[in-house]
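**Q** I am attaching a structure below and will ask some questions about it afterwards.
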Amino acid sequence: MSKKLRQHIEKIVELTDEEFEYVLSHFSYRKYLKNHYVIQNGDYVKYDYFVLNGLLKSWHIDDKGKAHIILFAMENWWISDPKAFHNQTTATLNVDCLEDSETLYISLENREKLCAEMRKVEYFFRKKTTAGYVASQKRILSLISFNAKERYQYLMQQYPDLTQRVPKSLIASYLGITRETLSRLTSQSL
């Protein structure tokens, strides 16, 4: 369990055993069952979650009742409602489990404490936040610049085994297309 977090952190910064144990002491562990909510719209968001095993999604329901998938988070990904977590407010997103999942989670208070005490950890979180921001920008640009086929191809290049783990209806929602359009795209690429 902790080995995955350490490997994840050490892709960016090296930590001694003592440093890692100290970092780990600021996290808690939780296992979730498939379909369980981690965060619901309106909940106060206390934590940022690191996915050890499983698959989660964040999503929003618009005023018309349509669900929009914002993010899929699989092993070695972080997930939360970033705005609510960083502002310590209530969620506008939902986060739930598509598979049985295991997470390590950290409060904003503990994260800020670690960042203040350890420059390496501050650097790690800054790099992860920047990478998340860049990924969000790429996703937004793909939604406004690519047609449905290009969005699907881009998703398959980035996450080739996602379609083995996620129902087509959720892939379609993530891409901003109908399930029927997705079916046509997948039949054309076979």
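Scheme for the structure tokens: letters A, B, ... for chains in order shown; per-chain residue numbers from 1; ligand numbers from 1 in order shown.
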If we count only C-alpha atoms, what is near Ser58 of chain A at a cut-off of 9 Å, once residues fewer than 4 positions away on the same chain are taken out, given as a list of chain:residue names?
**A** A:Ile39, A:His68, A:Ile69, A:Ile70, A:Leu71, A:Phe72, A:Ala73, A:Ile79, A:Ser80, A:Asp81, A:Leu93, A:Asn94, A:Val95, A:Asp96
**Q** How about saving the chosen residues, N, CA and C atoms kept, as a PDB file, in the first residue's frame?
**A**
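result.pdb was written with the following content:
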```
ATOM      1  N   ILE A  39     -17.237  11.516  -2.529  1.00  0.00           N
ATOM      2  CA  ILE A  39     -17.685  12.896  -2.345  1.00  0.00           C
ATOM      3  C   ILE A  39     -19.024  13.043  -3.060  1.00  0.00           C
ATOM      4  N   HIS A  68     -22.146  14.914 -16.531  1.00  0.00           N
ATOM      5  CA  HIS A  68     -20.932  15.177 -17.301  1.00  0.00           C
ATOM      6  C   HIS A  68     -19.745  14.619 -16.526  1.00  0.00           C
ATOM      7  N   ILE A  69     -19.040  13.670 -17.136  1.00  0.00           N
ATOM      8  CA  ILE A  69     -17.853  13.089 -16.507  1.00  0.00           C
ATOM      9  C   ILE A  69     -16.707  14.082 -16.666  1.00  0.00           C
ATOM     10  N   ILE A  70     -16.077  14.431 -15.567  1.00  0.00           N
ATOM     11  CA  ILE A  70     -14.953  15.366 -15.577  1.00  0.00           C
ATOM     12  C   ILE A  70     -13.632  14.603 -15.670  1.00  0.00           C
ATOM     13  N   LEU A  71     -13.541  13.508 -14.902  1.00  0.00           N
ATOM     14  CA  LEU A  71     -12.260  12.814 -14.775  1.00  0.00           C
ATOM     15  C   LEU A  71     -12.482  11.361 -14.389  1.00  0.00           C
ATOM     16  N   PHE A  72     -11.668  10.483 -14.957  1.00  0.00           N
ATOM     17  CA  PHE A  72     -11.530   9.120 -14.472  1.00  0.00           C
ATOM     18  C   PHE A  72     -10.201   9.068 -13.735  1.00  0.00           C
ATOM     19  N   ALA A  73     -10.187   8.464 -12.562  1.00  0.00           N
ATOM     20  CA  ALA A  73      -8.941   8.348 -11.786  1.00  0.00           C
ATOM     21  C   ALA A  73      -8.693   6.876 -11.490  1.00  0.00           C
ATOM     22  N   ILE A  79      -7.614  12.363  -6.908  1.00  0.00           N
ATOM     23  CA  ILE A  79      -8.972  12.807  -7.231  1.00  0.00           C
ATOM     24  C   ILE A  79      -9.587  13.481  -6.009  1.00  0.00           C
ATOM     25  N   SER A  80     -10.384  14.496  -6.290  1.00  0.00           N
ATOM     26  CA  SER A  80     -11.138  15.229  -5.278  1.00  0.00           C
ATOM     27  C   SER A  80     -12.034  16.197  -6.045  1.00  0.00           C
ATOM     28  N   ASP A  81     -12.616  17.143  -5.342  1.00  0.00           N
ATOM     29  CA  ASP A  81     -13.212  18.313  -5.964  1.00  0.00           C
ATOM     30  C   ASP A  81     -12.205  19.420  -5.681  1.00  0.00           C
ATOM     31  N   LEU A  93     -18.913  18.851  -7.375  1.00  0.00           N
ATOM     32  CA  LEU A  93     -18.717  17.603  -8.111  1.00  0.00           C
ATOM     33  C   LEU A  93     -19.093  16.421  -7.229  1.00  0.00           C
ATOM     34  N   ASN A  94     -19.349  15.305  -7.870  1.00  0.00           N
ATOM     35  CA  ASN A  94     -19.494  14.017  -7.197  1.00  0.00           C
ATOM     36  C   ASN A  94     -18.268  13.193  -7.545  1.00  0.00           C
ATOM     37  N   VAL A  95     -17.832  12.354  -6.615  1.00  0.00           N
ATOM     38  CA  VAL A  95     -16.770  11.386  -6.881  1.00  0.00           C
ATOM     39  C   VAL A  95     -17.279  10.049  -6.382  1.00  0.00           C
ATOM     40  N   ASP A  96     -17.315   9.059  -7.277  1.00  0.00           N
ATOM     41  CA  ASP A  96     -17.742   7.725  -6.858  1.00  0.00           C
ATOM     42  C   ASP A  96     -16.865   6.663  -7.501  1.00  0.00           C
TER      43      ASP A  96
END
```
**Q** Pull the strand (DSSP E or B) assignments for segment 22-118 of chain A out of DSSP run on the backbone, and list those residues as an NGL selection string.
**A** :A and (28-32 or 37-39 or 44 or 47-53 or 56-61 or 67-73 or 78-79 or 90 or 94-97 or 101-107)
**Q** What's the 12 Å shell around Lys113 of chain A, counting only C-alpha atoms, without same-chain residues fewer than 3 positions away, as a list in words?
**A**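 So, after excluding close chain neighbours, the residues are Tyr22, Val23, Ser25, His26, Ile106, Ser107, Leu108, Glu109, Asn110, Ala116, Glu117, Met118, Arg119, Val121 and Glu122 of chain A.
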**Q** Would you mind exporting N, CA and C atoms of the selected residues as a PDB file, in the first residue's frame?
**A**
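Written file, out.pdb:
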```pdb
ATOM      1  N   TYR A  22       7.471   9.834   7.631  1.00  0.00           N
ATOM      2  CA  TYR A  22       6.848  11.053   8.150  1.00  0.00           C
ATOM      3  C   TYR A  22       5.732  11.522   7.218  1.00  0.00           C
ATOM      4  N   VAL A  23       5.988  11.524   5.931  1.00  0.00           N
ATOM      5  CA  VAL A  23       4.957  11.898   4.955  1.00  0.00           C
ATOM      6  C   VAL A  23       3.761  10.963   5.080  1.00  0.00           C
ATOM      7  N   SER A  25       2.716   9.284   7.519  1.00  0.00           N
ATOM      8  CA  SER A  25       1.972   9.458   8.782  1.00  0.00           C
ATOM      9  C   SER A  25       0.890  10.534   8.668  1.00  0.00           C
ATOM     10  N   HIS A  26       0.913  11.334   7.630  1.00  0.00           N
ATOM     11  CA  HIS A  26      -0.078  12.389   7.431  1.00  0.00           C
ATOM     12  C   HIS A  26      -1.238  11.930   6.539  1.00  0.00           C
ATOM     13  N   ILE A 106      -5.440  12.664   2.242  1.00  0.00           N
ATOM     14  CA  ILE A 106      -4.755  13.654   3.055  1.00  0.00           C
ATOM     15  C   ILE A 106      -5.632  14.903   3.160  1.00  0.00           C
ATOM     16  N   SER A 107      -5.641  15.485   4.337  1.00  0.00           N
ATOM     17  CA  SER A 107      -6.384  16.733   4.537  1.00  0.00           C
ATOM     18  C   SER A 107      -5.562  17.899   4.003  1.00  0.00           C
ATOM     19  N   LEU A 108      -6.226  19.002   3.737  1.00  0.00           N
ATOM     20  CA  LEU A 108      -5.510  20.203   3.305  1.00  0.00           C
ATOM     21  C   LEU A 108      -4.562  20.677   4.407  1.00  0.00           C
ATOM     22  N   GLU A 109      -5.009  20.593   5.641  1.00  0.00           N
ATOM     23  CA  GLU A 109      -4.155  20.997   6.769  1.00  0.00           C
ATOM     24  C   GLU A 109      -2.862  20.178   6.803  1.00  0.00           C
ATOM     25  N   ASN A 110      -2.969  18.861   6.664  1.00  0.00           N
ATOM     26  CA  ASN A 110      -1.763  18.020   6.665  1.00  0.00           C
ATOM     27  C   ASN A 110      -0.901  18.260   5.433  1.00  0.00           C
ATOM     28  N   ALA A 116       5.040  23.007   4.176  1.00  0.00           N
ATOM     29  CA  ALA A 116       5.777  24.024   4.936  1.00  0.00           C
ATOM     30  C   ALA A 116       7.040  23.438   5.564  1.00  0.00           C
ATOM     31  N   GLU A 117       6.977  22.170   5.939  1.00  0.00           N
ATOM     32  CA  GLU A 117       8.104  21.545   6.644  1.00  0.00           C
ATOM     33  C   GLU A 117       9.130  20.901   5.708  1.00  0.00           C
ATOM     34  N   MET A 118       8.687  20.471   4.541  1.00  0.00           N
ATOM     35  CA  MET A 118       9.574  19.717   3.647  1.00  0.00           C
ATOM     36  C   MET A 118       9.503  20.285   2.233  1.00  0.00           C
ATOM     37  N   ARG A 119      10.577  20.916   1.837  1.00  0.00           N
ATOM     38  CA  ARG A 119      10.641  21.506   0.504  1.00  0.00           C
ATOM     39  C   ARG A 119      10.399  20.461  -0.585  1.00  0.00           C
ATOM     40  N   VAL A 121       8.444  17.882  -0.503  1.00  0.00           N
ATOM     41  CA  VAL A 121       7.013  17.583  -0.599  1.00  0.00           C
ATOM     42  C   VAL A 121       6.277  18.745  -1.264  1.00  0.00           C
ATOM     43  N   GLU A 122       6.675  19.958  -0.931  1.00  0.00           N
ATOM     44  CA  GLU A 122       6.074  21.133  -1.574  1.00  0.00           C
ATOM     45  C   GLU A 122       6.322  21.073  -3.073  1.00  0.00           C
TER      46      GLU A 122
END
```
**Q** Go through A:Asn41, A:Ser28, A:Thr129, A:Asn53 one by one, measure the shortest atom-to-atom distance of each to Thr90 of chain A using only C-alpha atoms, and give the residue with the smallest value.
**A**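 Ranked by minimum distance to Thr90 of chain A, first place goes to A:Asn41.
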**Q** Counting only C-alpha atoms, which residue out of A:His36, A:Gln188, A:Lys66, A:Thr89 sits closest to Ser173 of chain A?
**A**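 Ranking A:His36, A:Gln188, A:Lys66, A:Thr89 by distance to Ser173 of chain A, first place goes to A:Lys66.
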**Q** Just want the 6 Å neighbourhood of Gly54 of chain A, counted on only C-alpha atoms, with same-chain residues fewer than 2 positions away dropped. Output as a list in words.
**A**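 Selected residues are Met74, Glu99, Asp100 and Ser101 of chain A.
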**Q** Please indicate the distance in Å from atom CA of Phe50 of chain A to atom CA of Tyr105 of chain A, rounded to one decimal place.
**A**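 That distance, rounded to one decimal, is 6.0 Å.
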**Q** Between A:Met156, A:Lys149, A:Ile144, A:Lys127, which is the closest to Ser183 of chain A once you count only C-alpha atoms?
**A**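 For Ser183 of chain A, the nearest of the candidates is A:Lys149.
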**Q** From the list A:Leu185, A:Ile177, A:Val45, A:Ala148, which residue is nearest Lys83 of chain A when using only C-alpha atoms?
**A**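 Closest candidate: A:Val45.
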**Q** Using only C-alpha atoms, pick whichever of A:Arg139, A:Leu114, A:Asp43, A:Asn35 has the shortest atom-to-atom distance to Glu19 of chain A.
**A**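 With only C-alpha atoms as the atom set, the closest residue is A:Leu114.
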**Q** Considering only alpha helix (DSSP H) as DSSP defines it on the backbone, what residues of chain A qualify? List them as JSON, numbers by chain.
**A** {"A": [2, 3, 4, 5, 6, 7, 8, 9, 17, 18, 19, 20, 21, 22, 23, 24, 82, 83, 84, 85, 86, 87, 108, 109, 110, 111, 112, 113, 114, 115, 116, 117, 119, 120, 121, 122, 123, 124, 125, 126, 127, 128, 129, 130, 131, 132, 133, 134, 135, 136, 137, 138, 139, 140, 141, 142, 143, 144, 145, 148, 149, 150, 151, 152, 153, 154, 155, 156, 157, 158, 162, 163, 164, 165, 168, 169, 170, 171, 172, 173, 174, 175, 179, 180, 181, 182, 183, 184, 185, 186, 187, 188]}
